[in-house]
$ cat start_1.txt   # compact mmCIF, C-alpha atoms
# COMPACT_ATOMS: atom_id res chain seq x y z
CA MET G 1 28.51 153.47 120.86
CA ASP G 2 28.78 155.30 117.54
CA GLU G 3 26.17 153.95 115.17
CA THR G 4 27.98 154.90 111.98
CA LEU G 5 29.67 152.09 110.05
CA SER G 6 32.12 153.19 107.34
CA LEU G 7 33.08 150.63 104.71
CA VAL G 8 35.98 151.39 102.37
CA LEU G 9 35.63 149.02 99.42
CA PHE G 10 38.91 148.57 97.60
CA SER G 11 38.75 144.99 96.29
CA GLY G 12 36.68 144.10 93.27
CA THR G 13 36.24 140.34 93.62
CA ASP G 14 32.80 138.87 94.17
CA ASP G 15 33.73 137.11 97.43
CA LYS G 16 35.01 140.29 99.09
CA LEU G 17 32.16 142.41 97.73
CA THR G 18 29.71 139.84 99.12
CA ALA G 19 31.42 139.92 102.53
CA ALA G 20 31.16 143.73 102.43
CA ALA G 21 27.48 143.65 101.45
CA VAL G 22 26.78 141.18 104.29
CA LEU G 23 28.36 143.61 106.78
CA ALA G 24 26.30 146.47 105.30
CA VAL G 25 23.10 144.39 105.71
CA GLY G 26 24.06 143.48 109.29
CA GLY G 27 24.87 147.09 110.14
CA ALA G 28 21.66 148.42 108.57
CA ALA G 29 19.63 145.73 110.36
CA MET G 30 21.10 146.93 113.67
CA GLY G 31 20.01 150.49 112.89
CA ARG G 32 23.44 151.80 112.01
CA THR G 33 24.13 154.46 109.41
CA VAL G 34 26.32 152.81 106.76
CA ASN G 35 28.64 154.83 104.50
CA VAL G 36 30.26 152.92 101.66
CA PHE G 37 33.29 154.47 99.90
CA LEU G 38 34.39 152.96 96.57
CA GLN G 39 38.06 152.97 95.59
CA TYR G 40 40.12 151.29 92.89
CA TRP G 41 38.94 147.79 91.89
CA ALA G 42 35.70 148.05 93.85
CA LEU G 43 34.86 151.24 91.96
CA GLU G 44 35.52 149.41 88.67
CA ALA G 45 33.13 146.66 89.82
CA PHE G 46 30.32 149.23 90.22
CA ARG G 47 30.46 150.33 86.57
CA ALA G 48 26.90 150.07 85.21
CA ASP G 49 27.99 147.75 82.39
CA ARG G 50 30.00 145.40 84.62
CA ILE G 51 28.23 145.23 87.97
CA ARG G 52 26.44 141.94 87.13
CA LYS G 53 29.45 140.36 85.41
CA ASP G 54 31.64 137.71 87.00
CA HIS G 55 34.36 139.41 89.06
CA GLY G 56 35.99 136.20 90.24
CA ALA G 57 37.21 135.43 93.74
CA ALA G 58 40.24 136.59 95.70
CA PRO G 59 43.35 134.83 94.33
CA GLU G 60 43.77 132.95 97.60
CA ALA G 61 40.42 131.16 97.08
CA GLY G 62 42.26 128.61 94.96
CA PRO G 63 40.59 126.18 92.54
CA GLU G 64 38.82 124.35 95.42
CA GLY G 65 37.35 127.58 96.76
CA VAL G 66 36.18 128.65 93.33
CA SER G 67 34.35 125.37 92.76
CA ALA G 68 32.87 125.49 96.30
CA LEU G 69 31.46 128.93 95.44
CA ALA G 70 30.15 127.68 92.08
CA ARG G 71 28.36 124.77 93.84
CA ALA G 72 26.86 127.21 96.38
CA THR G 73 25.55 129.38 93.55
CA GLU G 74 24.00 126.31 91.87
CA ARG G 75 22.26 125.39 95.13
CA GLY G 76 20.90 128.96 95.22
CA LYS G 77 22.85 129.72 98.40
CA SER G 78 24.77 132.70 97.11
CA GLN G 79 22.93 135.96 96.56
CA HIS G 80 24.58 138.55 94.34
CA TRP G 81 26.30 141.26 96.38
CA ALA G 82 24.54 143.99 94.38
CA ASP G 83 21.17 142.55 95.50
CA LEU G 84 22.37 142.34 99.11
CA LEU G 85 23.49 145.95 99.01
CA GLU G 86 20.18 147.06 97.53
CA GLN G 87 18.40 145.23 100.36
CA ALA G 88 20.63 147.05 102.86
CA LYS G 89 19.60 150.34 101.23
CA LEU G 90 15.92 149.41 101.65
CA VAL G 91 16.37 148.33 105.28
CA GLY G 92 18.38 151.26 106.59
CA GLU G 93 20.34 154.41 105.96
CA VAL G 94 23.00 153.15 103.56
CA THR G 95 24.75 155.47 101.09
CA VAL G 96 27.36 154.61 98.47
CA HIS G 97 30.03 157.18 97.59
CA ALA G 98 32.57 156.95 94.75
CA CYS G 99 36.05 158.17 95.72
CA ALA G 100 36.81 161.31 93.69
CA LEU G 101 40.51 160.43 93.42
CA SER G 102 39.82 156.94 92.05
CA MET G 103 37.26 158.38 89.59
CA ASP G 104 39.94 160.69 88.28
CA LEU G 105 42.61 157.96 88.26
CA PHE G 106 40.55 155.62 86.09
CA GLU G 107 38.76 158.39 84.12
CA ILE G 108 35.35 157.23 85.29
CA THR G 109 32.38 159.63 85.32
CA LYS G 110 29.25 159.41 87.48
CA ASP G 111 27.29 158.32 84.37
CA ASP G 112 29.51 155.24 84.02
CA LEU G 113 28.41 153.96 87.41
CA ASP G 114 25.44 151.91 88.56
CA PRO G 115 22.59 154.09 89.94
CA MET G 116 23.20 152.45 93.34
CA VAL G 117 26.13 154.86 93.70
CA ASP G 118 24.69 157.99 95.33
CA ASP G 119 27.46 160.50 94.70
CA VAL G 120 31.15 161.28 94.25
CA GLU G 121 32.99 162.33 97.39
CA GLY G 122 36.51 163.27 98.48
CA VAL G 123 38.34 161.34 101.16
CA ALA G 124 38.16 164.25 103.64
CA ALA G 125 34.34 164.32 103.40
CA PHE G 126 34.25 160.56 103.89
CA MET G 127 36.57 160.85 106.90
CA ALA G 128 34.45 163.62 108.42
CA ASP G 129 31.46 161.24 108.49
CA ALA G 130 33.52 158.26 109.74
CA THR G 131 32.78 158.72 113.42
CA GLY G 132 32.61 154.97 114.13
CA PRO G 133 34.49 151.90 112.90
CA ILE G 134 36.17 152.07 109.47
CA VAL G 135 36.41 148.74 107.66
CA PHE G 136 38.72 148.34 104.65
CA ILE G 137 37.72 145.46 102.40
CA MET J 22 37.33 154.29 124.65
CA ASP J 23 35.35 151.17 123.75
CA GLU J 24 37.32 148.13 124.82
CA THR J 25 35.74 145.72 122.35
CA LEU J 26 37.85 144.69 119.35
CA SER J 27 35.96 142.97 116.53
CA LEU J 28 38.02 141.02 114.01
CA VAL J 29 36.36 139.81 110.80
CA LEU J 30 38.60 137.08 109.39
CA PHE J 31 38.01 136.57 105.68
CA SER J 32 41.42 135.53 104.33
CA GLY J 33 42.76 132.04 104.84
CA THR J 34 46.49 132.47 104.28
CA ASP J 35 48.92 131.86 107.13
CA ASP J 36 50.45 135.35 106.95
CA LYS J 37 47.11 137.14 107.31
CA LEU J 38 45.86 134.72 109.97
CA THR J 39 49.09 135.33 111.91
CA ALA J 40 48.65 139.10 111.63
CA ALA J 41 45.08 138.66 112.91
CA ALA J 42 46.19 136.46 115.82
CA VAL J 43 48.86 139.02 116.76
CA LEU J 44 46.18 141.74 116.91
CA ALA J 45 44.00 139.45 119.05
CA VAL J 46 46.93 138.83 121.43
CA GLY J 47 47.66 142.57 121.60
CA GLY J 48 44.01 143.41 122.21
CA ALA J 49 43.61 140.73 124.89
CA ALA J 50 46.86 141.85 126.57
CA MET J 51 45.43 145.38 126.80
CA GLY J 52 42.29 144.05 128.51
CA ARG J 53 40.00 144.35 125.51
CA THR J 54 37.15 141.99 124.72
CA VAL J 55 37.98 140.40 121.36
CA ASN J 56 35.28 138.99 119.07
CA VAL J 57 36.53 137.02 116.06
CA PHE J 58 34.10 136.36 113.19
CA LEU J 59 35.08 133.74 110.59
CA GLN J 60 33.96 134.13 106.99
CA TYR J 61 34.84 132.44 103.70
CA TRP J 62 38.50 131.31 103.40
CA ALA J 63 39.28 131.98 107.06
CA LEU J 64 36.39 129.70 108.04
CA GLU J 65 37.82 127.00 105.76
CA ALA J 66 41.19 127.40 107.51
CA PHE J 67 39.55 126.62 110.88
CA ARG J 68 38.31 123.18 109.77
CA ALA J 69 39.54 120.68 112.38
CA ASP J 70 41.33 118.58 109.74
CA ARG J 71 43.07 121.54 108.07
CA ILE J 72 43.89 124.06 110.79
CA ARG J 73 47.52 122.86 111.14
CA LYS J 74 48.09 122.42 107.41
CA ASP J 75 50.05 124.84 105.26
CA HIS J 76 47.72 127.61 104.06
CA GLY J 77 50.37 129.51 102.11
CA ALA J 78 50.91 133.26 102.08
CA ALA J 79 48.99 136.07 100.40
CA PRO J 80 49.72 136.01 96.64
CA GLU J 81 51.53 139.34 96.88
CA ALA J 82 54.20 137.82 99.18
CA GLY J 83 56.01 136.64 96.05
CA PRO J 84 58.73 133.96 95.99
CA GLU J 85 61.11 136.14 98.06
CA GLY J 86 58.51 136.66 100.77
CA VAL J 87 57.67 132.97 100.88
CA SER J 88 61.32 132.02 101.37
CA ALA J 89 61.80 134.77 103.99
CA LEU J 90 58.87 133.25 105.93
CA ALA J 91 60.32 129.75 105.53
CA ARG J 92 63.69 130.94 106.91
CA ALA J 93 61.90 132.62 109.86
CA THR J 94 60.08 129.37 110.63
CA GLU J 95 63.40 127.47 110.54
CA ARG J 96 64.91 129.97 112.99
CA GLY J 97 61.90 129.31 115.24
CA LYS J 98 60.73 132.91 114.87
CA SER J 99 57.27 132.19 113.55
CA GLN J 100 54.65 130.81 115.91
CA HIS J 101 51.60 129.14 114.40
CA TRP J 102 48.59 131.46 114.37
CA ALA J 103 46.42 128.81 116.00
CA ASP J 104 48.82 128.75 118.99
CA LEU J 105 48.83 132.56 119.16
CA LEU J 106 45.03 132.62 119.14
CA GLU J 107 44.88 129.99 121.88
CA GLN J 108 47.26 132.13 123.95
CA ALA J 109 44.98 135.12 123.38
CA LYS J 110 42.05 133.03 124.65
CA LEU J 111 44.02 132.18 127.81
CA VAL J 112 45.09 135.79 128.40
CA GLY J 113 41.76 137.55 127.91
CA GLU J 114 38.16 137.44 126.84
CA VAL J 115 38.49 136.21 123.27
CA THR J 116 35.66 134.39 121.49
CA VAL J 117 35.61 132.92 117.99
CA HIS J 118 32.34 132.87 116.04
CA ALA J 119 31.70 131.13 112.72
CA CYS J 120 29.58 133.19 110.30
CA ALA J 121 26.26 131.34 109.81
CA LEU J 122 26.03 132.46 106.17
CA SER J 123 29.50 131.17 105.29
CA MET J 124 28.78 127.87 107.11
CA ASP J 125 25.72 127.43 104.91
CA LEU J 126 27.55 128.54 101.76
CA PHE J 127 30.29 125.94 102.15
CA GLU J 128 28.09 123.27 103.82
CA ILE J 129 30.24 123.27 106.95
CA THR J 130 28.80 122.08 110.27
CA LYS J 131 30.01 123.01 113.75
CA ASP J 132 31.50 119.48 114.09
CA ASP J 133 33.78 120.14 111.10
CA LEU J 134 35.47 123.01 112.93
CA ASP J 135 38.34 123.16 115.40
CA PRO J 136 37.15 123.31 119.05
CA MET J 137 38.68 126.81 119.26
CA VAL J 138 35.54 128.01 117.46
CA ASP J 139 33.02 128.83 120.20
CA ASP J 140 29.78 129.05 118.24
CA VAL J 141 27.96 129.86 115.03
CA GLU J 142 26.56 133.38 114.80
CA GLY J 143 24.67 135.57 112.33
CA VAL J 144 26.10 138.86 111.11
CA ALA J 145 23.47 140.91 112.99
CA ALA J 146 24.51 139.33 116.32
CA PHE J 147 28.16 140.01 115.50
CA MET J 148 27.33 143.62 114.60
CA ALA J 149 25.35 144.09 117.83
CA ASP J 150 28.51 143.26 119.81
CA ALA J 151 30.80 145.36 117.57
CA THR J 152 30.76 148.50 119.69
CA GLY J 153 34.42 149.33 119.04
CA PRO J 154 36.74 149.06 116.03
CA ILE J 155 35.96 146.45 113.36
CA VAL J 156 38.99 145.07 111.56
CA PHE J 157 38.59 143.12 108.31
CA ILE J 158 41.53 140.84 107.54
CA MET S 25 34.16 160.86 118.40
CA ASP S 26 37.66 159.53 118.95
CA GLU S 27 40.05 161.45 116.72
CA THR S 28 42.70 158.73 116.53
CA LEU S 29 42.93 156.75 113.29
CA SER S 30 45.02 153.56 113.45
CA LEU S 31 46.18 152.07 110.17
CA VAL S 32 47.67 148.58 110.16
CA LEU S 33 49.57 148.23 106.90
CA PHE S 34 50.08 144.59 105.95
CA SER S 35 50.03 144.61 102.14
CA GLY S 36 53.00 145.79 100.15
CA THR S 37 51.48 146.55 96.75
CA ASP S 38 51.48 150.11 95.43
CA ASP S 39 47.69 150.26 94.98
CA LYS S 40 46.96 149.29 98.61
CA LEU S 41 49.74 151.50 99.97
CA THR S 42 48.31 154.41 97.96
CA ALA S 43 44.82 153.74 99.34
CA ALA S 44 46.32 153.70 102.84
CA ALA S 45 48.22 156.95 102.25
CA VAL S 46 45.04 158.60 100.94
CA LEU S 47 43.22 157.62 104.16
CA ALA S 48 46.15 158.99 106.21
CA VAL S 49 45.97 162.29 104.28
CA GLY S 50 42.20 162.45 104.75
CA GLY S 51 42.48 161.68 108.45
CA ALA S 52 45.26 164.22 109.00
CA ALA S 53 43.32 166.86 107.02
CA MET S 54 40.37 166.33 109.39
CA GLY S 55 42.64 166.90 112.39
CA ARG S 56 42.90 163.30 113.47
CA THR S 57 45.96 161.71 115.04
CA VAL S 58 47.08 158.97 112.65
CA ASN S 59 49.13 155.96 113.83
CA VAL S 60 50.51 153.73 111.09
CA PHE S 61 51.73 150.24 112.04
CA LEU S 62 53.85 148.34 109.49
CA GLN S 63 53.66 144.55 109.31
CA TYR S 64 54.87 141.91 106.88
CA TRP S 65 54.87 143.00 103.20
CA ALA S 66 54.16 146.63 104.00
CA LEU S 67 57.23 146.69 106.26
CA GLU S 68 59.29 145.25 103.41
CA ALA S 69 58.01 148.04 101.16
CA PHE S 70 59.37 150.66 103.59
CA ARG S 71 62.98 149.42 103.30
CA ALA S 72 65.11 152.45 102.43
CA ASP S 73 66.48 150.76 99.29
CA ARG S 74 63.08 149.62 98.00
CA ILE S 75 60.55 152.29 98.94
CA ARG S 76 60.67 153.97 95.51
CA LYS S 77 60.77 150.72 93.55
CA ASP S 78 57.80 149.24 91.72
CA HIS S 79 55.77 147.12 94.19
CA GLY S 80 53.11 146.10 91.67
CA ALA S 81 49.37 146.01 92.24
CA ALA S 82 47.15 143.57 94.16
CA PRO S 83 46.84 140.34 92.14
CA GLU S 84 43.15 140.99 91.58
CA ALA S 85 43.93 144.17 89.60
CA GLY S 86 44.38 141.98 86.53
CA PRO S 87 46.17 143.04 83.33
CA GLU S 88 43.49 145.66 82.56
CA GLY S 89 43.85 147.24 85.99
CA VAL S 90 47.64 147.31 85.74
CA SER S 91 47.51 149.11 82.39
CA ALA S 92 44.86 151.54 83.68
CA LEU S 93 47.23 152.40 86.53
CA ALA S 94 50.15 152.79 84.11
CA ARG S 95 48.08 155.17 81.96
CA ALA S 96 47.12 157.19 85.07
CA THR S 97 50.79 157.49 86.02
CA GLU S 98 51.64 158.68 82.49
CA ARG S 99 48.91 161.33 82.74
CA GLY S 100 50.50 162.42 86.05
CA LYS S 101 47.38 161.43 87.96
CA SER S 102 49.00 159.01 90.36
CA GLN S 103 51.19 160.39 93.14
CA HIS S 104 53.60 158.03 94.84
CA TRP S 105 52.24 156.77 98.17
CA ALA S 106 55.48 157.71 99.94
CA ASP S 107 54.96 161.35 98.84
CA LEU S 108 51.33 161.26 99.98
CA LEU S 109 52.37 159.91 103.37
CA GLU S 110 55.03 162.59 103.72
CA GLN S 111 52.38 165.20 102.95
CA ALA S 112 50.16 163.67 105.63
CA LYS S 113 53.07 163.97 108.09
CA LEU S 114 53.43 167.67 107.22
CA VAL S 115 49.70 168.35 107.52
CA GLY S 116 48.98 166.60 110.80
CA GLU S 117 50.09 164.35 113.61
CA VAL S 118 51.01 161.20 111.69
CA THR S 119 53.51 158.67 113.05
CA VAL S 120 54.78 155.48 111.42
CA HIS S 121 55.70 152.51 113.61
CA ALA S 122 57.41 149.30 112.50
CA CYS S 123 55.97 146.15 114.12
CA ALA S 124 58.67 144.65 116.37
CA LEU S 125 57.52 141.10 115.61
CA SER S 126 57.71 141.59 111.83
CA MET S 127 61.15 143.25 112.18
CA ASP S 128 62.36 140.15 113.99
CA LEU S 129 60.65 137.78 111.54
CA PHE S 130 62.35 139.29 108.50
CA GLU S 131 65.61 140.25 110.30
CA ILE S 132 65.13 143.93 109.51
CA THR S 133 66.79 146.61 111.63
CA LYS S 134 65.70 150.22 112.06
CA ASP S 135 68.65 151.29 109.85
CA ASP S 136 67.25 149.28 106.94
CA LEU S 137 64.09 151.37 106.91
CA ASP S 138 63.21 154.68 105.29
CA PRO S 139 63.56 157.67 107.69
CA MET S 140 59.78 158.15 107.40
CA VAL S 141 59.47 155.29 109.90
CA ASP S 142 59.55 156.91 113.34
CA ASP S 143 60.19 153.92 115.58
CA VAL S 144 59.80 150.21 116.30
CA GLU S 145 56.84 149.27 118.47
CA GLY S 146 55.19 146.16 119.89
CA VAL S 147 51.58 145.31 119.12
CA ALA S 148 50.47 145.99 122.72
CA ALA S 149 51.79 149.57 122.54
CA PHE S 150 50.06 150.05 119.18
CA MET S 151 46.83 148.68 120.64
CA ALA S 152 47.08 150.95 123.68
CA ASP S 153 47.03 153.97 121.35
CA ALA S 154 44.28 152.56 119.11
CA THR S 155 41.38 154.31 120.81
CA GLY S 156 39.48 154.94 117.56
CA PRO S 157 38.95 152.98 114.35
CA ILE S 158 41.56 150.38 113.34
CA VAL S 159 41.92 149.86 109.60
CA PHE S 160 43.77 146.81 108.24
CA ILE S 161 45.05 147.29 104.71

$ encode --input "start_1.txt" --output "structure tokens"
Amino acid sequence: MDETLSLVLFSGTDDKLTAAAVLAVGGAAMGRTVNVFLQYWALEAFRADRIRKDHGAAPEAGPEGVSALARATERGKSQHWADLLEQAKLVGEVTVHACALSMDLFEITKDDLDPMVDDVEGVAAFMADATGPIVFI
Amino acid sequence: MDETLSLVLFSGTDDKLTAAAVLAVGGAAMGRTVNVFLQYWALEAFRADRIRKDHGAAPEAGPEGVSALARATERGKSQHWADLLEQAKLVGEVTVHACALSMDLFEITKDDLDPMVDDVEGVAAFMADATGPIVFI
Amino acid sequence: MDETLSLVLFSGTDDKLTAAAVLAVGGAAMGRTVNVFLQYWALEAFRADRIRKDHGAAPEAGPEGVSALARATERGKSQHWADLLEQAKLVGEVTVHACALSMDLFEITKDDLDPMVDDVEGVAAFMADATGPIVFI
């Protein structure tokens, strides 16, 4: 079994980012190396000035889903994905890489991003480390 | 080659659930162990009182896509994903696990879910069994 | 490490198809065998008469995301995903398979598809070759 878990984060909605962070926590808890690669809308969500803002839910959540999530947050059931990911980083070997191509596409610099992002990386470097499952979220 | 196929179902639209069920059937037919993990909107879709209801298509399908799917259903070309998944369970070793965190988030109990769901499981347990590819749908 | 990278393309928006093509390029550059499997809206996007048309962005991109992509295209930063995929095919062992079930569902024949699509394949055959990570996009 290859211990490395590679997560490609593409989507920038809070529900998908939370699902991703939960997988990172689970992987780290099981002693796996976790490599997170940020593309497109997920990269935008990691901007330092937006990371704690409301990023909504996937369009398919519908009005019912959105209010179910709001109720869960009120009951204190929903932890922010950025907190979950920080916990994963404390628990295990979890690194967060910004996709160089997406950085260029959206004219984002490393300074624009939350400090949780460790570095900027090309897709070939990410692929070289992706010796286990690759999950696109 | 690791025979285990781990499917994380997040989306609750009929097109994505059908694509997931097709992969489960294909995996089971090839003799793979298939572990399905239900999160968020996919978990909602497995509620006993909703599983056979219309869950729509991914928003990107557009009006043309939706009518193409409707025509396919009329021609008897589209099997319900719940039937496909039940076939996969008959063919091979396919188990369906509800994500404990999502159950808590949406206040869903095991009794609310279709009997096709085998148990409730935490993400660490799911990850421990995920020795092969992990597919997020 | 299993060198095979299996990409299941489900979504038909230009942002997701570009992300997929980037992973194919990265995989091919690292010497991996890349198998692409086209289902649903991604299959539609590979129709010979539509492949170069505008397929929009994922709904979650939002108006800001759409204009950021438009600006990137104007600056010449965004290559078309079909070009990227053709480059991947030149660089390495990359094959594109249309899902037989989706072909049937949407009444598409091999002649309707762009020549980049190598053949039509069932899900069991795709699964038999999927000895490494499986990425659903």

$ interface_residues --input "start_1.txt" --of "chain S" --to "chain J" --cutoff "9 Å" --atoms "all atoms listed in the file" --output "mmCIF file with C-alpha atoms, keeping the file's coordinate frame"
data_model
loop_
_atom_site.group_PDB
_atom_site.id
_atom_site.type_symbol
_atom_site.label_atom_id
_atom_site.label_comp_id
_atom_site.auth_asym_id
_atom_site.auth_seq_id
_atom_site.Cartn_x
_atom_site.Cartn_y
_atom_site.Cartn_z
ATOM 1 C CA ASP S 26 37.660 159.530 118.950
ATOM 2 C CA PHE S 34 50.080 144.590 105.950
ATOM 3 C CA SER S 35 50.030 144.610 102.140
ATOM 4 C CA GLY S 36 53.000 145.790 100.150
ATOM 5 C CA THR S 37 51.480 146.550 96.750
ATOM 6 C CA GLN S 63 53.660 144.550 109.310
ATOM 7 C CA TYR S 64 54.870 141.910 106.880
ATOM 8 C CA TRP S 65 54.870 143.000 103.200
ATOM 9 C CA GLY S 80 53.110 146.100 91.670
ATOM 10 C CA ALA S 81 49.370 146.010 92.240
ATOM 11 C CA ALA S 82 47.150 143.570 94.160
ATOM 12 C CA PRO S 83 46.840 140.340 92.140
ATOM 13 C CA LEU S 125 57.520 141.100 115.610
ATOM 14 C CA ASP S 128 62.360 140.150 113.990
ATOM 15 C CA LEU S 129 60.650 137.780 111.540
ATOM 16 C CA PHE S 130 62.350 139.290 108.500
ATOM 17 C CA GLU S 131 65.610 140.250 110.300
ATOM 18 C CA GLY S 146 55.190 146.160 119.890
ATOM 19 C CA VAL S 147 51.580 145.310 119.120
ATOM 20 C CA ALA S 148 50.470 145.990 122.720
ATOM 21 C CA ALA S 149 51.790 149.570 122.540
ATOM 22 C CA PHE S 150 50.060 150.050 119.180
ATOM 23 C CA MET S 151 46.830 148.680 120.640
ATOM 24 C CA ALA S 152 47.080 150.950 123.680
ATOM 25 C CA ALA S 154 44.280 152.560 119.110
ATOM 26 C CA THR S 155 41.380 154.310 120.810
ATOM 27 C CA GLY S 156 39.480 154.940 117.560
ATOM 28 C CA PRO S 157 38.950 152.980 114.350
ATOM 29 C CA ILE S 158 41.560 150.380 113.340
ATOM 30 C CA VAL S 159 41.920 149.860 109.600
ATOM 31 C CA PHE S 160 43.770 146.810 108.240
ATOM 32 C CA ILE S 161 45.050 147.290 104.710
#

$ residues_near_point --input "start_1.txt" --point "(22.7, 147.7, 100.9)" --cutoff "10 Å" --atoms "only C-alpha atoms" --output "list in words"
Ala20, Ala21, Val22, Leu23, Ala24, Val25, Gly26, Gly27, Ala28, Val34, Asn35, Val36, Trp81, Ala82, Asp83, Leu84, Leu85, Glu86, Gln87, Ala88, Lys89, Leu90, Val91, Gly92, Glu93, Val94, Thr95, Val96 and Met116 of chain G

$ write_last_selection --input "start_1.txt" --atoms "C-alpha atoms" --output "PDB file, keeping the file's coordinate frame"
ATOM      1  CA  ALA G  20      31.160 143.730 102.430  1.00  0.00           C
ATOM      2  CA  ALA G  21      27.480 143.650 101.450  1.00  0.00           C
ATOM      3  CA  VAL G  22      26.780 141.180 104.290  1.00  0.00           C
ATOM      4  CA  LEU G  23      28.360 143.610 106.780  1.00  0.00           C
ATOM      5  CA  ALA G  24      26.300 146.470 105.300  1.00  0.00           C
ATOM      6  CA  VAL G  25      23.100 144.390 105.710  1.00  0.00           C
ATOM      7  CA  GLY G  26      24.060 143.480 109.290  1.00  0.00           C
ATOM      8  CA  GLY G  27      24.870 147.090 110.140  1.00  0.00           C
ATOM      9  CA  ALA G  28      21.660 148.420 108.570  1.00  0.00           C
ATOM     10  CA  VAL G  34      26.320 152.810 106.760  1.00  0.00           C
ATOM     11  CA  ASN G  35      28.640 154.830 104.500  1.00  0.00           C
ATOM     12  CA  VAL G  36      30.260 152.920 101.660  1.00  0.00           C
ATOM     13  CA  TRP G  81      26.300 141.260  96.380  1.00  0.00           C
ATOM     14  CA  ALA G  82      24.540 143.990  94.380  1.00  0.00           C
ATOM     15  CA  ASP G  83      21.170 142.550  95.500  1.00  0.00           C
ATOM     16  CA  LEU G  84      22.370 142.340  99.110  1.00  0.00           C
ATOM     17  CA  LEU G  85      23.490 145.950  99.010  1.00  0.00           C
ATOM     18  CA  GLU G  86      20.180 147.060  97.530  1.00  0.00           C
ATOM     19  CA  GLN G  87      18.400 145.230 100.360  1.00  0.00           C
ATOM     20  CA  ALA G  88      20.630 147.050 102.860  1.00  0.00           C
ATOM     21  CA  LYS G  89      19.600 150.340 101.230  1.00  0.00           C
ATOM     22  CA  LEU G  90      15.920 149.410 101.650  1.00  0.00           C
ATOM     23  CA  VAL G  91      16.370 148.330 105.280  1.00  0.00           C
ATOM     24  CA  GLY G  92      18.380 151.260 106.590  1.00  0.00           C
ATOM     25  CA  GLU G  93      20.340 154.410 105.960  1.00  0.00           C
ATOM     26  CA  VAL G  94      23.000 153.150 103.560  1.00  0.00           C
ATOM     27  CA  THR G  95      24.750 155.470 101.090  1.00  0.00           C
ATOM     28  CA  VAL G  96      27.360 154.610  98.470  1.00  0.00           C
ATOM     29  CA  MET G 116      23.200 152.450  93.340  1.00  0.00           C
TER      30      MET G 116
END

$ atom_distance --input "start_1.txt" --atom1 "atom CA of Met124 of chain J" --atom2 "atom CA of Thr54 of chain J"
24.1 Å

$ closest_residue --input "start_1.txt" --among "S:Asp153, S:His79, S:Asp136, S:Glu145" --to "His121 of chain S" --atoms "all atoms listed in the file"
S:Glu145

$ atom_distance --input "start_1.txt" --atom1 "atom CA of Gln79 of chain G" --atom2 "atom CA of Ala119 of chain J"
19.0 Å

$ axis_aligned_box --input "start_1.txt" --around "segment 76-81 of chain G" --padding-each-side "5 Å" --output "AutoDock Vina command-line options"
--center_x 23.6 --center_y 135.1 --center_z 96.4 --size_x 15.4 --size_y 22.3 --size_z 14.1

$ atom_distance --input "start_1.txt" --atom1 "atom CA of Asp138 of chain S" --atom2 "atom CA of Ile75 of chain S"
7.3 Å

$ closest_residue --input "start_1.txt" --among "S:Asp73, S:Glu88, S:Asp38, S:Glu98" --to "Asp135 of chain S" --atoms "all atoms listed in the file"
S:Asp73

$ build_atoms --input "start_1.txt" --residues "segment 113-123 of chain G" --atoms "N, CA and C atoms" --output "tab-separated table (two decimals), in the coordinates of the input"
chain	number	residue	atom	x	y	z
G	113	LEU	N	28.64	154.81	86.24
G	113	LEU	CA	28.41	153.96	87.41
G	113	LEU	C	26.95	153.53	87.56
G	114	ASP	N	26.78	152.41	88.24
G	114	ASP	CA	25.44	151.91	88.56
G	114	ASP	C	24.68	152.96	89.39
G	115	PRO	N	23.37	153.08	89.19
G	115	PRO	CA	22.59	154.09	89.94
G	115	PRO	C	22.63	153.87	91.46
G	116	MET	N	23.08	152.69	91.90
G	116	MET	CA	23.20	152.45	93.34
G	116	MET	C	24.21	153.40	93.99
G	117	VAL	N	25.13	153.91	93.18
G	117	VAL	CA	26.13	154.86	93.70
G	117	VAL	C	25.45	156.22	93.84
G	118	ASP	N	25.43	156.76	95.05
G	118	ASP	CA	24.69	157.99	95.33
G	118	ASP	C	25.41	159.25	94.87
G	119	ASP	N	26.73	159.30	95.10
G	119	ASP	CA	27.46	160.50	94.70
G	119	ASP	C	28.96	160.26	94.67
G	120	VAL	N	29.68	161.31	94.26
G	120	VAL	CA	31.15	161.28	94.25
G	120	VAL	C	31.61	162.14	95.41
G	121	GLU	N	32.61	161.66	96.15
G	121	GLU	CA	32.99	162.33	97.39
G	121	GLU	C	34.51	162.28	97.55
G	122	GLY	N	35.08	163.30	98.15
G	122	GLY	CA	36.51	163.27	98.48
G	122	GLY	C	36.75	162.52	99.77
G	123	VAL	N	38.01	162.14	99.99
G	123	VAL	CA	38.34	161.34	101.16
G	123	VAL	C	38.14	162.13	102.46
